[in-house]
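One structure is given below, encoded as structure tokens.
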Amino acid sequence: MNRHLPLTAGIVLLAQLHTHRLPAQAQLPPHEYEVHPELLNPDALEQPTGVLAGPAQAILDRRIQPSMLGVQEEGRADLRYLGKVNPVPSAVDSLKRILNEATEHLGWREGMPLPEPVDPKATSPSVGFSFDANTLTTVTPPDNGLAINDQDVLVSVNNGGLRMYRYDGTLLADHTWHGFTGFAQCFDPRVIYDAEADRFVITVLSGTHSSTSRLLLLLSSSIDPMAPWHMYDFPASQLTQHIGSGNWMDFPAVGLSDKDLFVSVNLFSNNNDIFQRSVIFQVPHGPAYAGGAFTYLIWSVPTSPFSGYHVTPAPNGWSGRFGTGQYFVESRHTGGGQLRVLRITDHSNGSPQLTQQLVNVTGYSLPADAHQPGSIKRLKVNSCAMQNVFHLDGHLHGVLTTASNASIAKVRYIRIRLSNMSTFSTTFHSSAENSLAYPCVMPYSNYAQGGPDRNVIVGMLSSNATTMYPSIRVVNCDDAGTWSNSVTVKAGQGHIAYTTNSTQRWGDYIGMCREHTASDEPRVWIAGAYGTSSHVYRTCIAQIGAMGPMTGLDDLPHEEPLTEAHVHPNPASERAVFEFIVEEARPTQVILLDPHGRMVRDVFAGLPRAGRNQIAFDVSDLPAGLYLICSLMDGAVQHSERIVVQ
């Protein structure tokens, strides 16, 4: 049974009453994006680098049986320990103070108008299923990660814990990290789905001192995340000959090849939390998936010719699996004109080397922190670190945050052709006042199925001083570097004010994943954080659909909404029932609309009875997809609701 929303150019979530266009090559005003010239790097020779710190042994620590728990209360995680996690290098802090002072005049001031209240539902025409998830409120930043299997089950992770959902938001399981792993103070979770082996892989860290720091590797034993998981524990205290003594691990990132898992982490010293270097764990995933013992490698990444703070793996954009070994990309966290491309050349049981190449790119620079409406508190943009990369079709695709001429944070998409190490890049501005940060990139085309599109989709966080609370947005970029209009996934409802600090945490990253099942149209999922009216973060998970002309009706004004109105079952395959309560009988019309806003069924026209009403209607002859059921009284919309026909 196909549970997917077939997000074709016509079947897309409904947005505003007027028509939106999101073509693959939308022509935007010149100030909204810039395409940089391609830079050739013929002398970017691959050189051996780094140190193999030696093999180590790992055995299964425990097997975990997920269970359906009662939904945890919000505020279930502890804010205090997160202040130390992901410390920003002192060079970044020094530059930020200068940049923030230079952009202070652009911020919100007393007397400035605030945004009008916004509908908390995402209204973008390219957004499919959308729901709040992992609704913690005392963790900052949330650090969201997301993966989906071929049975439409999502695994959502953030600093508060782990949850499993059906594609439509139905909660399957809910765990704190302490309850799931047995370790407290877990942070910086990452999750990836291996579409070849049908396994979920999670990494999460615990402890911020060398005596307590550990990397936890969790692997599902099957495609079903509700089946038992295998957990492996890598304590820093037992790896001193590989990572040095007095160091703790921070900010992991995950890669995947045909035989190995790759986990890069940053090392910080106990003394003043100073960044030391990055290391890469190379783990054979065959025995790990089976819950067996294995020998793994640890690579020490040199800090020369520059220390980039994050060494980011580049798994394959379709299946997650690269071939032999793995590429990694590193940028200068304070800005510059180069990237470092590293590569582990072979399997862990072969003869691998760690190599590097320096490539020139269009210059990128550190932006100022972001403003937000209604508050002089700013949102920390962190650095220019490239935190997300994938490999596809002989290219590395990555994104980072850079600065506009006015030091406002913008998104840079960079593509590296591996055959000659030439680089192509383009910068998306959205508008002059919007700060765009913590970008994530996914392939957004059906090229692997023989289609013509070779686009990427970029997710990001966005905020400005007057009209946009901290929000989640997405934008498409085609092969030529032409951007679409950006669209809102989840609009912020208030500014962030967790602490008394003048600068609030905003990142450190968001999560995106692609559905790996073959389809005519690509489907990408995103998990990010938006600001609530309580001035804290909440996570939203949403499905991002196809591009093309669309009509939307999610923002129809509602007058005197019906009481307890809902449609069930949803999704529906044969018959559906629209149920509602009215206080008095008034002429009512109930209609079913397709994604273009055209009426496909006149469900009911007449006088309902006072009290509860149930109107059944047939959907068995309708094409599978998304529809909108609307009820009108006296020409005014009383209720509208999405219904999926499958």
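Identifiers in this document derive from the order of the structure tokens: chains are assigned A, B, ..., residues are numbered from 1 separately in each chain, and ligands are numbered from 1 in order of occurrence.
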### Message
Report as JSON, numbers by chain all protein, DNA and RNA residues lying within 6 Å of range 621-636 of chain A, evaluated on only C-alpha atoms, omitting residues in the same chain fewer than 3 positions from it.
### Response
{"A": [5, 6, 588, 589, 590, 591, 592, 593, 594, 639, 640, 641, 642, 643, 644, 645, 646]}
Just C-alpha atoms for this one: save the residues we selected as a PDB file, in the first residue's frame.
ATOM      1  CA  LEU A   5       1.786  11.736  -0.585  1.00  0.00           C
ATOM      2  CA  PRO A   6       2.419  11.756  -4.381  1.00  0.00           C
ATOM      3  CA  THR A 588     -24.215  24.583   4.817  1.00  0.00           C
ATOM      4  CA  GLN A 589     -22.165  23.374   1.887  1.00  0.00           C
ATOM      5  CA  VAL A 590     -19.333  20.850   2.178  1.00  0.00           C
ATOM      6  CA  ILE A 591     -17.020  20.462  -0.813  1.00  0.00           C
ATOM      7  CA  LEU A 592     -13.854  18.526  -1.666  1.00  0.00           C
ATOM      8  CA  LEU A 593     -11.094  20.402  -3.522  1.00  0.00           C
ATOM      9  CA  ASP A 594      -8.103  19.125  -5.436  1.00  0.00           C
ATOM     10  CA  HIS A 639     -13.611  24.754   8.453  1.00  0.00           C
ATOM     11  CA  SER A 640     -10.958  23.387   6.078  1.00  0.00           C
ATOM     12  CA  GLU A 641      -8.886  20.280   6.574  1.00  0.00           C
ATOM     13  CA  ARG A 642      -6.449  18.212   4.547  1.00  0.00           C
ATOM     14  CA  ILE A 643      -7.383  14.645   3.695  1.00  0.00           C
ATOM     15  CA  VAL A 644      -5.112  12.077   2.069  1.00  0.00           C
ATOM     16  CA  VAL A 645      -6.644   9.564  -0.323  1.00  0.00           C
ATOM     17  CA  GLN A 646      -4.631   6.392  -0.809  1.00  0.00           C
TER      18      GLN A 646
END
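All residues of protein, DNA or RNA that reach within 6 Å of Tyr33 in chain A, judged by only C-alpha atoms and not counting those fewer than 5 positions away in the chain, are Thr427, Phe428 and His429 of chain A.
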### Task
Find the residues around range 315-326 of chain A up to 9 Å (only C-alpha atoms counted), leave out those fewer than 2 positions away in its own chain, and share them as a ChimeraX atom specification.
/A:192-196,254-260,262,313,328,342-348,352,389-392,442-443,448,514-516
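Our summary of the geometry notes that CA of Asn100 in chain A is positioned 14.3 Å from CA of Glu433 in chain A.
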### Task
Just list the residues in range 113-308 of chain A DSSP gives strand (DSSP E) on the backbone, as a ChimeraX atom specification.
/A:127-133,145-148,153-158,161-166,171-175,186-194,199-206,214-220,229-235,247-256,260-269,275-284,294-301
### Query
Within 12 Å of Glu583 in chain A, counting only C-alpha atoms, which residues qualify if same-chain residues fewer than 2 places away don't, as a list in words?
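Here the answer would be Glu560, Pro561, Leu562, Thr563, Glu564, Phe580, Ile581, Ala585, Arg586, Pro608, Arg609, Ala610, Gly611, Arg612 and Asn613 of chain A.
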File dump, residues just selected, C-alpha atoms, as a PDB file, in the first residue's frame:
ATOM      1  CA  GLU A 560     -17.120  31.064  13.533  1.00  0.00           C
ATOM      2  CA  PRO A 561     -15.250  27.782  13.173  1.00  0.00           C
ATOM      3  CA  LEU A 562     -17.232  24.592  13.569  1.00  0.00           C
ATOM      4  CA  THR A 563     -16.930  22.788  16.876  1.00  0.00           C
ATOM      5  CA  GLU A 564     -15.020  19.478  16.968  1.00  0.00           C
ATOM      6  CA  PHE A 580     -18.846  18.463  13.242  1.00  0.00           C
ATOM      7  CA  ILE A 581     -21.129  20.174  15.770  1.00  0.00           C
ATOM      8  CA  ALA A 585     -29.171  24.786  11.761  1.00  0.00           C
ATOM      9  CA  ARG A 586     -27.921  27.053   8.978  1.00  0.00           C
ATOM     10  CA  PRO A 608     -27.576  20.209   9.039  1.00  0.00           C
ATOM     11  CA  ARG A 609     -29.283  19.435  12.331  1.00  0.00           C
ATOM     12  CA  ALA A 610     -28.402  21.352  15.482  1.00  0.00           C
ATOM     13  CA  GLY A 611     -25.847  19.288  17.385  1.00  0.00           C
ATOM     14  CA  ARG A 612     -23.499  16.625  16.060  1.00  0.00           C
ATOM     15  CA  ASN A 613     -23.483  15.783  12.348  1.00  0.00           C
TER      16      ASN A 613
END
#### Entry: Between CA of Cys513 in chain A and CA of Thr401 in chain A, distance in Å (one decimal)
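Atom-to-atom, CA of Cys513 in chain A and CA of Thr401 in chain A are spaced 19.7 Å apart.
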### Task
Kindly give the distance, in Å, that separates CA of Pro89 in chain A and CA of Arg412 in chain A, rounded to a single decimal.
21.4 Å
### Task
Go through A:Phe281, A:Tyr413, A:Tyr530, A:Phe268 one by one, measure the shortest atom-to-atom distance of each to Thr203 in chain A using only C-alpha atoms, and give the residue with the smallest value.
A:Phe281
### Query
Which residue out of A:Leu154, A:Ala432, A:His175, A:Phe129 has the minimum interatomic distance to Gln543 in chain A when only C-alpha atoms are used?
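Answer, going by the shortest atom-to-atom distance: A:Phe129.
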### Top pick for closest residue to Ile457 in chain A, considering A:His105, A:Met512, A:Gly492, A:Arg415 and counting only C-alpha atoms
A:Met512
